[in-house]
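Have a look at target-v2.pdb; it's PDB, C-alpha atoms:
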```
ATOM      1  CA  MET A   1      -5.518  -5.238  13.569
ATOM      2  CA  ASP A   2      -2.595  -2.911  14.154
ATOM      3  CA  ASN A   3      -0.637  -0.429  12.064
ATOM      4  CA  ASP A   4       1.776  -3.117  10.890
ATOM      5  CA  PRO A   5      -0.037  -5.376   8.403
ATOM      6  CA  LYS A   6       1.269  -8.935   8.459
ATOM      7  CA  TRP A   7       2.487  -9.100   4.893
ATOM      8  CA  THR A   8       4.013 -12.231   3.452
ATOM      9  CA  MET A   9       7.164 -10.474   2.291
ATOM     10  CA  THR A  10      10.786 -11.532   2.512
ATOM     11  CA  PRO A  11      13.320  -8.689   2.433
ATOM     12  CA  SER A  12      14.149  -7.840  -1.172
ATOM     13  CA  PRO A  13      15.534  -4.876  -3.105
ATOM     14  CA  THR A  14      13.052  -2.072  -3.707
ATOM     15  CA  THR A  15      12.785   0.328  -6.590
ATOM     16  CA  LYS A  16      10.777   3.498  -7.143
ATOM     17  CA  MET A  17       7.503   2.613  -8.874
ATOM     18  CA  ASN A  18       4.264   4.366  -9.612
ATOM     19  CA  LEU A  19       1.046   2.388  -9.470
ATOM     20  CA  PHE A  20       0.979   1.184 -13.068
ATOM     21  CA  GLN A  21       4.602   0.070 -12.792
ATOM     22  CA  SER A  22       3.743  -1.925  -9.668
ATOM     23  CA  VAL A  23       1.038  -3.694 -11.703
ATOM     24  CA  THR A  24       3.593  -4.457 -14.419
ATOM     25  CA  SER A  25       6.012  -5.761 -11.788
ATOM     26  CA  ALA A  26       3.377  -8.088 -10.297
ATOM     27  CA  LEU A  27       2.463  -9.433 -13.732
ATOM     28  CA  ASP A  28       6.152  -9.859 -14.617
ATOM     29  CA  ASN A  29       6.750 -11.831 -11.393
ATOM     30  CA  THR A  30       3.743 -14.041 -12.187
ATOM     31  CA  LEU A  31       4.711 -14.771 -15.793
ATOM     32  CA  ALA A  32       8.286 -15.570 -14.693
ATOM     33  CA  SER A  33       7.282 -17.978 -11.925
ATOM     34  CA  ASP A  34       4.148 -19.593 -13.401
ATOM     35  CA  PRO A  35       4.482 -21.135 -16.889
ATOM     36  CA  THR A  36       0.687 -21.479 -17.138
ATOM     37  CA  ALA A  37       0.046 -17.749 -16.639
ATOM     38  CA  VAL A  38      -1.474 -15.833 -19.551
ATOM     39  CA  ILE A  39      -2.490 -12.167 -19.866
ATOM     40  CA  PHE A  40      -5.120 -11.070 -22.364
ATOM     41  CA  GLY A  41      -7.432  -8.157 -23.115
ATOM     42  CA  GLU A  42      -7.910  -5.238 -25.452
ATOM     43  CA  ASP A  43      -4.528  -3.760 -26.466
ATOM     44  CA  VAL A  44      -2.511  -5.516 -23.744
ATOM     45  CA  ALA A  45       0.011  -6.796 -26.310
ATOM     46  CA  PHE A  46       1.447  -3.324 -26.935
ATOM     47  CA  GLY A  47       1.256  -2.351 -23.262
ATOM     48  CA  GLY A  48      -2.350  -1.307 -22.770
ATOM     49  CA  VAL A  49      -3.962   2.114 -22.574
ATOM     50  CA  PHE A  50      -2.292   2.803 -19.222
ATOM     51  CA  ARG A  51       0.983   0.968 -20.028
ATOM     52  CA  CYS A  52       0.393  -1.701 -17.378
ATOM     53  CA  THR A  53       1.581  -4.566 -19.601
ATOM     54  CA  VAL A  54       4.361  -2.734 -21.442
ATOM     55  CA  GLY A  55       7.255  -4.988 -22.450
ATOM     56  CA  LEU A  56       5.626  -8.228 -21.309
ATOM     57  CA  ARG A  57       4.804  -9.606 -24.777
ATOM     58  CA  ASP A  58       8.375  -9.024 -25.924
ATOM     59  CA  LYS A  59       9.698 -10.765 -22.809
ATOM     60  CA  TYR A  60       7.300 -13.734 -22.642
ATOM     61  CA  GLY A  61       5.946 -14.134 -26.159
ATOM     62  CA  LYS A  62       2.701 -13.605 -28.029
ATOM     63  CA  ASP A  63       1.224 -16.892 -26.776
ATOM     64  CA  ARG A  64       1.236 -15.636 -23.180
ATOM     65  CA  VAL A  65       0.438 -11.915 -23.602
ATOM     66  CA  PHE A  66      -2.063 -11.306 -26.374
ATOM     67  CA  ASN A  67      -4.852  -9.054 -27.599
ATOM     68  CA  THR A  68      -8.524 -10.021 -27.725
ATOM     69  CA  PRO A  69     -11.431  -8.708 -29.788
ATOM     70  CA  LEU A  70     -13.370  -5.790 -28.312
ATOM     71  CA  CYS A  71     -15.775  -8.082 -26.487
ATOM     72  CA  GLU A  72     -15.757  -8.036 -22.692
ATOM     73  CA  GLN A  73     -18.148 -10.968 -22.453
ATOM     74  CA  GLY A  74     -15.741 -12.953 -24.620
ATOM     75  CA  ILE A  75     -12.676 -11.856 -22.625
ATOM     76  CA  VAL A  76     -14.126 -13.099 -19.335
ATOM     77  CA  GLY A  77     -15.691 -16.192 -20.911
ATOM     78  CA  PHE A  78     -12.307 -17.113 -22.382
ATOM     79  CA  GLY A  79     -10.697 -16.464 -18.988
ATOM     80  CA  ILE A  80     -13.143 -18.797 -17.255
ATOM     81  CA  GLY A  81     -12.381 -21.567 -19.743
ATOM     82  CA  ALA A  82      -8.635 -21.049 -19.482
ATOM     83  CA  ALA A  83      -8.784 -21.125 -15.677
ATOM     84  CA  VAL A  84     -10.940 -24.266 -15.632
ATOM     85  CA  ALA A  85      -8.406 -25.942 -17.944
ATOM     86  CA  GLY A  86      -5.623 -25.174 -15.455
ATOM     87  CA  ALA A  87      -4.133 -21.893 -16.618
ATOM     88  CA  THR A  88      -3.540 -18.862 -14.421
ATOM     89  CA  ALA A  89      -5.775 -16.491 -16.378
ATOM     90  CA  ILE A  90      -5.321 -12.713 -15.981
ATOM     91  CA  ALA A  91      -7.900 -10.764 -17.955
ATOM     92  CA  GLU A  92      -7.896  -7.008 -18.458
ATOM     93  CA  ILE A  93     -11.077  -5.018 -18.970
ATOM     94  CA  GLN A  94      -9.876  -1.727 -20.469
ATOM     95  CA  PHE A  95     -12.081   0.406 -18.189
ATOM     96  CA  ALA A  96     -14.239  -0.699 -15.254
ATOM     97  CA  ASP A  97     -17.108   1.115 -16.966
ATOM     98  CA  TYR A  98     -17.004  -1.547 -19.708
ATOM     99  CA  ILE A  99     -17.188  -4.548 -17.403
ATOM    100  CA  TYR A 100     -20.978  -4.682 -17.708
ATOM    101  CA  PRO A 101     -21.103  -6.748 -20.937
ATOM    102  CA  ALA A 102     -19.161  -9.379 -18.937
ATOM    103  CA  PHE A 103     -21.534  -9.178 -15.958
ATOM    104  CA  ASP A 104     -23.339 -12.397 -16.860
ATOM    105  CA  GLN A 105     -20.075 -14.312 -17.288
ATOM    106  CA  ILE A 106     -18.741 -13.032 -13.942
ATOM    107  CA  VAL A 107     -21.912 -13.389 -11.865
ATOM    108  CA  ASN A 108     -23.578 -16.439 -13.411
ATOM    109  CA  GLU A 109     -20.546 -18.416 -14.523
ATOM    110  CA  ALA A 110     -17.283 -17.488 -12.754
ATOM    111  CA  ALA A 111     -18.812 -16.915  -9.322
ATOM    112  CA  LYS A 112     -20.908 -20.102  -9.406
ATOM    113  CA  TYR A 113     -18.635 -22.538 -11.251
ATOM    114  CA  ARG A 114     -17.280 -24.292  -8.155
ATOM    115  CA  TYR A 115     -20.652 -24.348  -6.392
ATOM    116  CA  ARG A 116     -22.652 -25.782  -9.270
ATOM    117  CA  SER A 117     -20.119 -28.580  -9.866
ATOM    118  CA  GLY A 118     -19.886 -29.554  -6.205
ATOM    119  CA  ASN A 119     -16.218 -28.507  -6.227
ATOM    120  CA  LEU A 120     -15.351 -30.901  -9.071
ATOM    121  CA  PHE A 121     -14.345 -27.943 -11.225
ATOM    122  CA  ASP A 122     -13.522 -24.302 -10.537
ATOM    123  CA  CYS A 123     -12.151 -21.189 -12.204
ATOM    124  CA  GLY A 124     -10.377 -19.922  -9.101
ATOM    125  CA  ASN A 125      -7.263 -19.119 -11.152
ATOM    126  CA  LEU A 126      -9.087 -16.253 -12.887
ATOM    127  CA  THR A 127      -8.215 -12.642 -12.053
ATOM    128  CA  ILE A 128      -9.926  -9.728 -13.784
ATOM    129  CA  ARG A 129      -8.128  -6.362 -13.734
ATOM    130  CA  ALA A 130      -9.765  -3.056 -14.606
ATOM    131  CA  PRO A 131      -8.908   0.667 -14.275
ATOM    132  CA  TRP A 132     -11.450   2.219 -11.901
ATOM    133  CA  GLY A 133     -12.702   5.511 -10.504
ATOM    134  CA  CYS A 134     -12.632   9.160 -11.496
ATOM    135  CA  VAL A 135      -9.696  10.658 -13.328
ATOM    136  CA  GLY A 136     -10.552  14.354 -13.656
ATOM    137  CA  HIS A 137     -11.974  14.261 -17.191
ATOM    138  CA  GLY A 138     -13.451  10.796 -17.723
ATOM    139  CA  SER A 139     -17.144  11.720 -17.781
ATOM    140  CA  LEU A 140     -19.845   9.050 -18.061
ATOM    141  CA  TYR A 141     -17.913   6.122 -19.476
ATOM    142  CA  HIS A 142     -14.421   6.411 -17.987
ATOM    143  CA  SER A 143     -15.066   7.323 -14.333
ATOM    144  CA  GLN A 144     -17.312   4.713 -12.765
ATOM    145  CA  SER A 145     -16.779   2.750  -9.548
ATOM    146  CA  PRO A 146     -18.849  -0.455  -9.969
ATOM    147  CA  GLU A 147     -17.627  -2.395  -6.930
ATOM    148  CA  ALA A 148     -21.063  -2.473  -5.257
ATOM    149  CA  PHE A 149     -22.582  -4.404  -8.181
ATOM    150  CA  PHE A 150     -20.171  -7.269  -7.520
ATOM    151  CA  ALA A 151     -20.286  -7.059  -3.719
ATOM    152  CA  HIS A 152     -23.744  -8.650  -3.974
ATOM    153  CA  CYS A 153     -22.307 -11.766  -5.614
ATOM    154  CA  PRO A 154     -21.027 -14.670  -3.471
ATOM    155  CA  GLY A 155     -18.205 -16.629  -5.081
ATOM    156  CA  ILE A 156     -15.912 -13.816  -6.171
ATOM    157  CA  LYS A 157     -13.552 -11.458  -4.387
ATOM    158  CA  VAL A 158     -13.352  -7.714  -5.047
ATOM    159  CA  VAL A 159     -10.170  -5.815  -4.201
ATOM    160  CA  ILE A 160      -9.118  -2.141  -4.574
ATOM    161  CA  PRO A 161      -5.635  -0.843  -3.619
ATOM    162  CA  ARG A 162      -4.664   2.685  -2.562
ATOM    163  CA  GLY A 163      -1.038   2.816  -3.740
ATOM    164  CA  PRO A 164       1.839   0.985  -5.454
ATOM    165  CA  VAL A 165       2.977  -1.155  -2.487
ATOM    166  CA  GLN A 166      -0.567  -2.347  -1.753
ATOM    167  CA  CYS A 167      -1.324  -2.705  -5.458
ATOM    168  CA  LYS A 168       1.448  -5.206  -6.136
ATOM    169  CA  GLY A 169       0.920  -7.235  -2.968
ATOM    170  CA  LEU A 170      -2.857  -7.392  -3.299
ATOM    171  CA  LEU A 171      -2.734  -8.170  -7.038
ATOM    172  CA  LEU A 172      -0.348 -11.061  -6.414
ATOM    173  CA  SER A 173      -2.694 -12.280  -3.660
ATOM    174  CA  CYS A 174      -5.630 -12.161  -6.095
ATOM    175  CA  ILE A 175      -3.660 -14.099  -8.710
ATOM    176  CA  ALA A 176      -2.675 -16.728  -6.114
ATOM    177  CA  ASP A 177      -6.147 -16.920  -4.539
ATOM    178  CA  GLN A 178      -8.223 -19.976  -5.407
ATOM    179  CA  ASN A 179     -11.326 -17.902  -6.122
ATOM    180  CA  PRO A 180     -12.043 -15.653  -9.096
ATOM    181  CA  CYS A 181     -11.052 -12.094  -8.177
ATOM    182  CA  ILE A 182     -11.871  -8.668  -9.572
ATOM    183  CA  PHE A 183      -9.037  -6.212  -9.058
ATOM    184  CA  PHE A 184      -9.977  -2.559  -9.573
ATOM    185  CA  GLU A 185      -7.037  -0.150 -10.056
ATOM    186  CA  PRO A 186      -7.574   3.575  -9.274
ATOM    187  CA  LYS A 187      -6.497   5.043 -12.599
ATOM    188  CA  ILE A 188      -5.980   8.579 -11.312
ATOM    189  CA  LEU A 189      -3.195   7.106  -9.171
ATOM    190  CA  TYR A 190      -1.431   5.228 -12.012
ATOM    191  CA  ARG A 191       1.175   7.986 -12.307
ATOM    192  CA  ALA A 192       0.371  10.135  -9.275
ATOM    193  CA  ALA A 193       1.205   7.590  -6.561
ATOM    194  CA  VAL A 194       4.923   6.717  -6.248
ATOM    195  CA  GLU A 195       6.549   4.510  -3.587
ATOM    196  CA  GLN A 196       9.526   2.227  -3.006
ATOM    197  CA  VAL A 197       8.183  -1.187  -4.012
ATOM    198  CA  PRO A 198       9.953  -4.563  -3.604
ATOM    199  CA  THR A 199      11.020  -5.980  -6.958
ATOM    200  CA  GLU A 200      10.442  -9.581  -5.858
ATOM    201  CA  ALA A 201       7.001 -11.140  -5.395
ATOM    202  CA  TYR A 202       5.134 -10.635  -2.094
ATOM    203  CA  THR A 203       1.531 -10.860  -0.980
ATOM    204  CA  ILE A 204      -0.773  -8.813   1.252
ATOM    205  CA  PRO A 205      -3.667 -10.796   2.802
ATOM    206  CA  LEU A 206      -7.095 -10.357   1.239
ATOM    207  CA  SER A 207     -10.140  -9.541   3.383
ATOM    208  CA  GLN A 208      -7.918  -7.693   5.851
ATOM    209  CA  ALA A 209      -8.380  -3.961   6.315
ATOM    210  CA  GLU A 210      -5.439  -1.791   7.298
ATOM    211  CA  VAL A 211      -5.575   0.794  10.067
ATOM    212  CA  ILE A 212      -3.458   3.517   8.469
ATOM    213  CA  GLN A 213      -3.792   6.017  11.295
ATOM    214  CA  GLU A 214      -5.021   5.359  14.812
ATOM    215  CA  GLY A 215      -7.431   7.776  16.477
ATOM    216  CA  SER A 216      -9.990   8.057  19.255
ATOM    217  CA  ASP A 217     -12.874  10.305  18.128
ATOM    218  CA  VAL A 218     -14.045   9.327  14.613
ATOM    219  CA  THR A 219     -13.527   6.287  12.370
ATOM    220  CA  LEU A 220     -13.004   7.079   8.682
ATOM    221  CA  VAL A 221     -13.424   4.194   6.209
ATOM    222  CA  ALA A 222     -12.658   4.205   2.492
ATOM    223  CA  TRP A 223     -10.727   2.378  -0.239
ATOM    224  CA  GLY A 224      -8.708   3.288  -3.319
ATOM    225  CA  THR A 225      -8.338   6.972  -4.172
ATOM    226  CA  GLN A 226     -10.670   8.103  -1.397
ATOM    227  CA  ILE A 227      -8.162   7.002   1.244
ATOM    228  CA  HIS A 228      -5.940   9.926   0.232
ATOM    229  CA  VAL A 229      -8.875  12.330   0.537
ATOM    230  CA  LEU A 230      -9.699  11.072   4.035
ATOM    231  CA  ARG A 231      -6.063  11.195   5.088
ATOM    232  CA  GLU A 232      -6.175  14.920   4.350
ATOM    233  CA  VAL A 233      -9.503  15.204   6.192
ATOM    234  CA  ALA A 234      -7.977  13.503   9.250
ATOM    235  CA  ASN A 235      -5.163  16.069   9.260
ATOM    236  CA  MET A 236      -7.643  18.936   8.878
ATOM    237  CA  ALA A 237      -9.793  17.582  11.729
ATOM    238  CA  GLN A 238      -6.773  17.387  14.014
ATOM    239  CA  GLU A 239      -5.482  20.857  13.142
ATOM    240  CA  LYS A 240      -8.767  22.774  12.999
ATOM    241  CA  LEU A 241     -10.978  20.887  15.472
ATOM    242  CA  GLY A 242      -8.604  18.954  17.705
ATOM    243  CA  VAL A 243     -10.418  15.799  16.611
ATOM    244  CA  SER A 244      -8.538  12.498  16.454
ATOM    245  CA  CYS A 245      -9.523  10.363  13.432
ATOM    246  CA  GLU A 246      -8.841   6.668  12.904
ATOM    247  CA  LEU A 247      -8.356   5.975   9.186
ATOM    248  CA  ILE A 248      -9.072   2.512   7.784
ATOM    249  CA  ASP A 249      -8.355   1.287   4.254
ATOM    250  CA  LEU A 250     -10.843  -1.523   3.618
ATOM    251  CA  GLN A 251      -8.734  -2.901   0.692
ATOM    252  CA  THR A 252     -11.030  -5.896   0.086
ATOM    253  CA  ILE A 253     -14.675  -5.098  -0.650
ATOM    254  CA  LEU A 254     -15.793  -8.727  -0.769
ATOM    255  CA  PRO A 255     -15.490 -10.455   1.651
ATOM    256  CA  TRP A 256     -14.806  -7.367   3.773
ATOM    257  CA  ASP A 257     -13.144  -7.098   7.181
ATOM    258  CA  THR A 258     -16.049  -6.432   9.536
ATOM    259  CA  GLU A 259     -13.961  -7.102  12.634
ATOM    260  CA  THR A 260     -11.428  -4.300  12.104
ATOM    261  CA  VAL A 261     -14.120  -1.727  11.282
ATOM    262  CA  CYS A 262     -16.430  -2.678  14.163
ATOM    263  CA  LYS A 263     -13.562  -2.779  16.648
ATOM    264  CA  SER A 264     -12.630   0.763  15.632
ATOM    265  CA  VAL A 265     -16.195   2.092  15.820
ATOM    266  CA  ALA A 266     -16.654   0.509  19.260
ATOM    267  CA  LYS A 267     -13.685   2.630  20.335
ATOM    268  CA  THR A 268     -14.526   5.940  18.595
ATOM    269  CA  GLY A 269     -18.346   5.850  18.622
ATOM    270  CA  ARG A 270     -18.543   7.633  15.275
ATOM    271  CA  LEU A 271     -18.220   6.450  11.658
ATOM    272  CA  LEU A 272     -17.834   8.191   8.314
ATOM    273  CA  ILE A 273     -17.696   6.101   5.125
ATOM    274  CA  SER A 274     -16.830   7.676   1.791
ATOM    275  CA  HIS A 275     -16.701   6.467  -1.812
ATOM    276  CA  GLU A 276     -17.007   7.938  -5.307
ATOM    277  CA  ALA A 277     -19.850   5.651  -6.414
ATOM    278  CA  PRO A 278     -23.464   6.868  -6.053
ATOM    279  CA  ILE A 279     -24.740   6.804  -2.494
ATOM    280  CA  THR A 280     -27.885   4.700  -3.016
ATOM    281  CA  GLY A 281     -26.938   1.032  -2.859
ATOM    282  CA  GLY A 282     -23.243   1.906  -2.622
ATOM    283  CA  PHE A 283     -21.022  -0.314  -0.491
ATOM    284  CA  ALA A 284     -21.059   2.313   2.274
ATOM    285  CA  ALA A 285     -24.662   1.272   2.905
ATOM    286  CA  GLU A 286     -23.588  -2.324   3.607
ATOM    287  CA  ILE A 287     -20.869  -1.169   6.006
ATOM    288  CA  SER A 288     -23.294   1.206   7.709
ATOM    289  CA  SER A 289     -25.917  -1.505   8.161
ATOM    290  CA  THR A 290     -23.437  -3.996   9.616
ATOM    291  CA  VAL A 291     -21.922  -1.461  12.015
ATOM    292  CA  GLN A 292     -25.387  -0.378  13.162
ATOM    293  CA  GLU A 293     -26.232  -4.012  13.945
ATOM    294  CA  GLU A 294     -22.930  -4.799  15.670
ATOM    295  CA  CYS A 295     -22.107  -1.487  17.398
ATOM    296  CA  PHE A 296     -25.489   0.120  18.089
ATOM    297  CA  LEU A 297     -24.838   0.809  21.772
ATOM    298  CA  ASN A 298     -21.378   2.220  21.015
ATOM    299  CA  LEU A 299     -22.574   4.841  18.536
ATOM    300  CA  GLU A 300     -22.503   8.484  19.652
ATOM    301  CA  ALA A 301     -23.911   9.824  16.368
ATOM    302  CA  PRO A 302     -25.691   8.540  13.238
ATOM    303  CA  ILE A 303     -23.321   6.932  10.713
ATOM    304  CA  ALA A 304     -22.330   9.347   7.960
ATOM    305  CA  ARG A 305     -21.970   8.505   4.263
ATOM    306  CA  VAL A 306     -20.251  10.967   1.948
ATOM    307  CA  CYS A 307     -20.483   9.593  -1.579
ATOM    308  CA  GLY A 308     -21.214  10.431  -5.198
ATOM    309  CA  TYR A 309     -24.672  11.671  -6.130
ATOM    310  CA  ASP A 310     -27.406   9.527  -7.671
ATOM    311  CA  THR A 311     -26.694  10.773 -11.180
ATOM    312  CA  PRO A 312     -24.535   9.592 -14.060
ATOM    313  CA  PHE A 313     -20.932  10.687 -13.610
ATOM    314  CA  PRO A 314     -20.652  14.247 -15.000
ATOM    315  CA  HIS A 315     -17.890  15.811 -17.095
ATOM    316  CA  ILE A 316     -17.440  19.512 -16.304
ATOM    317  CA  PHE A 317     -19.330  19.107 -13.014
ATOM    318  CA  GLU A 318     -17.000  16.380 -11.704
ATOM    319  CA  PRO A 319     -15.509  18.688  -9.006
ATOM    320  CA  PHE A 320     -19.029  19.164  -7.605
ATOM    321  CA  TYR A 321     -19.895  15.458  -7.862
ATOM    322  CA  ILE A 322     -16.965  13.826  -6.110
ATOM    323  CA  PRO A 323     -16.904  13.497  -2.287
ATOM    324  CA  ASP A 324     -14.025  15.919  -1.796
ATOM    325  CA  LYS A 325     -12.214  16.817   1.429
ATOM    326  CA  TRP A 326     -14.546  19.724   2.182
ATOM    327  CA  LYS A 327     -17.693  17.562   2.060
ATOM    328  CA  CYS A 328     -16.008  14.939   4.229
ATOM    329  CA  PHE A 329     -14.653  17.526   6.677
ATOM    330  CA  ASP A 330     -18.152  19.010   7.028
ATOM    331  CA  ALA A 331     -19.463  15.516   7.827
ATOM    332  CA  VAL A 332     -16.795  15.100  10.539
ATOM    333  CA  LYS A 333     -17.901  18.384  12.121
ATOM    334  CA  LYS A 334     -21.522  17.204  12.168
ATOM    335  CA  LEU A 335     -20.511  13.872  13.716
ATOM    336  CA  ILE A 336     -18.592  15.594  16.495
ATOM    337  CA  SER A 337     -21.279  18.182  17.254
ATOM    338  CA  TYR A 338     -24.217  15.749  17.177
TER     339      TYR A 338
END
```

Write-out of the structure in structure tokens:
Amino acid sequence: MDNDPKWTMTPSPTTKMNLFQSVTSALDNTLASDPTAVIFGEDVAFGGVFRCTVGLRDKYGKDRVFNTPLCEQGIVGFGIGAAVAGATAIAEIQFADYIYPAFDQIVNEAAKYRYRSGNLFDCGNLTIRAPWGCVGHGSLYHSQSPEAFFAHCPGIKVVIPRGPVQCKGLLLSCIADQNPCIFFEPKILYRAAVEQVPTEAYTIPLSQAEVIQEGSDVTLVAWGTQIHVLREVANMAQEKLGVSCELIDLQTILPWDTETVCKSVAKTGRLLISHEAPITGGFAAEISSTVQEECFLNLEAPIARVCGYDTPFPHIFEPFYIPDKWKCFDAVKKLISY
């Protein structure tokens, strides 16, 4: 895997978009090109809490973009049925923290539908979107990162973008993919991240990590918001320590790109994984275990995990809870001096 991801993108005009606008653009492209596509969830008809579906009901009608009751189990259950019947179903869960009432529908129904029917039926046209991660003031119920819960579930795909260009391409890939997908959107980046994004549809391959920055001394792995933290850490390590960091955006949590990560660690001999979710049972543990099995003789230091603490997500103590650049930089120093 090199620095130039092989995107399926034909040259098209670009426009300046933040992350939520790139979501809107992807959904607009889908509704325009696929007459079976429907978007539904709490408040999506007027644009949603984060404005991701703004203008779509007016453009495509109330039969294709519509509100649901406040019932996440019902939203996903309806999405499964719609997908099985042949529709391209795009469900929104208003916050990732509220996906848990739908856990049974996702894990026991959506993920197993094709398997239990011997491939006679499937709900592969289902995509579930949800705002994800810390936002600075979200506290217990508007800050969670639940990707590890779903990483334990064969039959679904879990994807998390780091910016507007990746967000649109990966979301369109999830919508096109013939497996049910969960697409977590870092809500702190909805307005903060701005890039030139193609206005036409394009896809970025799922299950393919991206090497954002090549390096020789330490491999840094993250996804979503944490990529921007580790990018800063890589710069600090170069300036203050003379340490060269290779930065990898995992992008797809399930099924994840073991090859790109292991190839990097075989080169650098050191690995730091960071995510906002609590450390125990977090997806960093799965990456760490796999790398230890595959790259044991290449490792120059124990694998480091810099993650959230094993507590509920705090409110005023959020700055102390999150794995900020200083915690990650300290971990890099320990890796180098081991």

Query - Selection result for the PyMOL selection byres ((chain A and resi 18) around 10) on this file, as a PyMOL selection string - result: chain A and resi 15-17+19-23+163-165+167+189-197

Requested in this report: Please write as a count of residues only the list of polymer residues whose atoms come within 12 Å of (0.5, -5.9, -9.9), counting only C-alpha atoms and keeping to the coordinates of the file.
Outcome: 50

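Nearest to Asp330 of chain A of all the residues A:Ala82, A:Leu250, A:Leu297, A:Leu230 is A:Leu230, counting only C-alpha atoms.
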
Requested in this report: Pull out every residue that the PyMOL selection byres ((chain A and resi 133) around 8) matches in the shown coordinates and put them as a list in words.
Outcome: Ala96, Pro131, Trp132, Cys134, Val135, His142, Ser143, Gln144, Ser145, Pro186, Lys187, Ile188, Thr225 and Glu276 of chain A

**Report entry** Residues matched by the PyMOL selection byres ((chain A and resi 111-123) around 8), written as a list of chain:residue names
**Finding:**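 Checking the PyMOL selection byres ((chain A and resi 111-123) around 8) against this file, the residues are A:Ile80, A:Gly81, A:Ala83, A:Val84, A:Ile106, A:Val107, A:Asn108, A:Glu109, A:Ala110, A:Gly124, A:Asn125, A:Leu126, A:Cys153, A:Pro154, A:Gly155, A:Ile156, A:Gln178, A:Asn179, A:Pro180.
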
Report task. Report the distance between atom CA of Val218 of chain A and atom CA of Pro323 of chain A in Å, rounded to one decimal place. Result ->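 A separation of 17.6 Å between them.
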
Query raised in the report: So which one's closest to Gln105 of chain A, A:Val38, A:Ala91, A:Val65, A:Ile75? Using all atoms listed in the file, please.
Result: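 Of A:Val38, A:Ala91, A:Val65, A:Ile75, the one nearest Gln105 of chain A is A:Ile75, counting all atoms listed in the file.
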
Query raised in the report: Between atom CA of Cys71 of chain A and atom CA of Tyr100 of chain A, what is the spacing in Å?
Result: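 Interatomic distance here is 10.8 Å.
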
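Residues surrounding Glu214 of chain A within 8 Å are A:Asn3, A:Val211, A:Cys245, A:Glu246, A:Leu247 [all atoms listed in the file; sequence separation below 3 positions excluded].
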
Report summary line: Pairwise distance, atom CA of His275 of chain A with atom CA of His228 of chain A, equals 11.5 Å

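Remark: for Ser264 of chain A, the closest of the candidate residues A:Leu241, A:Ala209, A:Ala87, A:Val159 is A:Ala209 (distances computed over only C-alpha atoms).
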
Query raised in the report: Out of A:Trp326, A:Phe95, A:Phe46, A:Trp256, which residue has the shortest atom-to-atom distance to Ala237 of chain A when counting all atoms listed in the file?
Result: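 Ranked by minimum distance to Ala237 of chain A, first place goes to A:Trp326.
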
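Distances to Gln73 of chain A were evaluated for A:Gly41, A:Gly242, A:Gly86, A:Gly47 using all atoms listed in the file, and the minimum falls at A:Gly41.
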
Requested in this report: Counting all atoms listed in the file, figure out which residue out of A:Lys325, A:Leu70, A:Gln94, A:Val265 gets nearest to Arg51 of chain A.
Outcome: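 When distances to Arg51 of chain A are compared using all atoms listed in the file, the smallest one comes from A:Gln94.
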
Using only C-alpha atoms, which protein or nucleic acid residues come within 12 Å of segment 308-315 of chain A? Drop anything in the same chain fewer than 5 positions from it, and give the result as a CSV table (one decimal) with C-alpha atoms, keeping the file's coordinate frame.
```csv
chain,number,residue,atom,x,y,z
A,97,ASP,CA,-17.1,1.1,-17.0
A,133,GLY,CA,-12.7,5.5,-10.5
A,134,CYS,CA,-12.6,9.2,-11.5
A,135,VAL,CA,-9.7,10.7,-13.3
A,136,GLY,CA,-10.6,14.4,-13.7
A,137,HIS,CA,-12.0,14.3,-17.2
A,138,GLY,CA,-13.5,10.8,-17.7
A,139,SER,CA,-17.1,11.7,-17.8
A,140,LEU,CA,-19.8,9.0,-18.1
A,141,TYR,CA,-17.9,6.1,-19.5
A,142,HIS,CA,-14.4,6.4,-18.0
A,143,SER,CA,-15.1,7.3,-14.3
A,144,GLN,CA,-17.3,4.7,-12.8
A,145,SER,CA,-16.8,2.8,-9.5
A,146,PRO,CA,-18.8,-0.5,-10.0
A,226,GLN,CA,-10.7,8.1,-1.4
A,273,ILE,CA,-17.7,6.1,5.1
A,274,SER,CA,-16.8,7.7,1.8
A,275,HIS,CA,-16.7,6.5,-1.8
A,276,GLU,CA,-17.0,7.9,-5.3
A,277,ALA,CA,-19.8,5.7,-6.4
A,278,PRO,CA,-23.5,6.9,-6.1
A,279,ILE,CA,-24.7,6.8,-2.5
A,280,THR,CA,-27.9,4.7,-3.0
A,281,GLY,CA,-26.9,1.0,-2.9
A,282,GLY,CA,-23.2,1.9,-2.6
A,283,PHE,CA,-21.0,-0.3,-0.5
A,284,ALA,CA,-21.1,2.3,2.3
A,320,PHE,CA,-19.0,19.2,-7.6
A,321,TYR,CA,-19.9,15.5,-7.9
A,322,ILE,CA,-17.0,13.8,-6.1
A,323,PRO,CA,-16.9,13.5,-2.3
A,324,ASP,CA,-14.0,15.9,-1.8
A,327,LYS,CA,-17.7,17.6,2.1
A,328,CYS,CA,-16.0,14.9,4.2
```
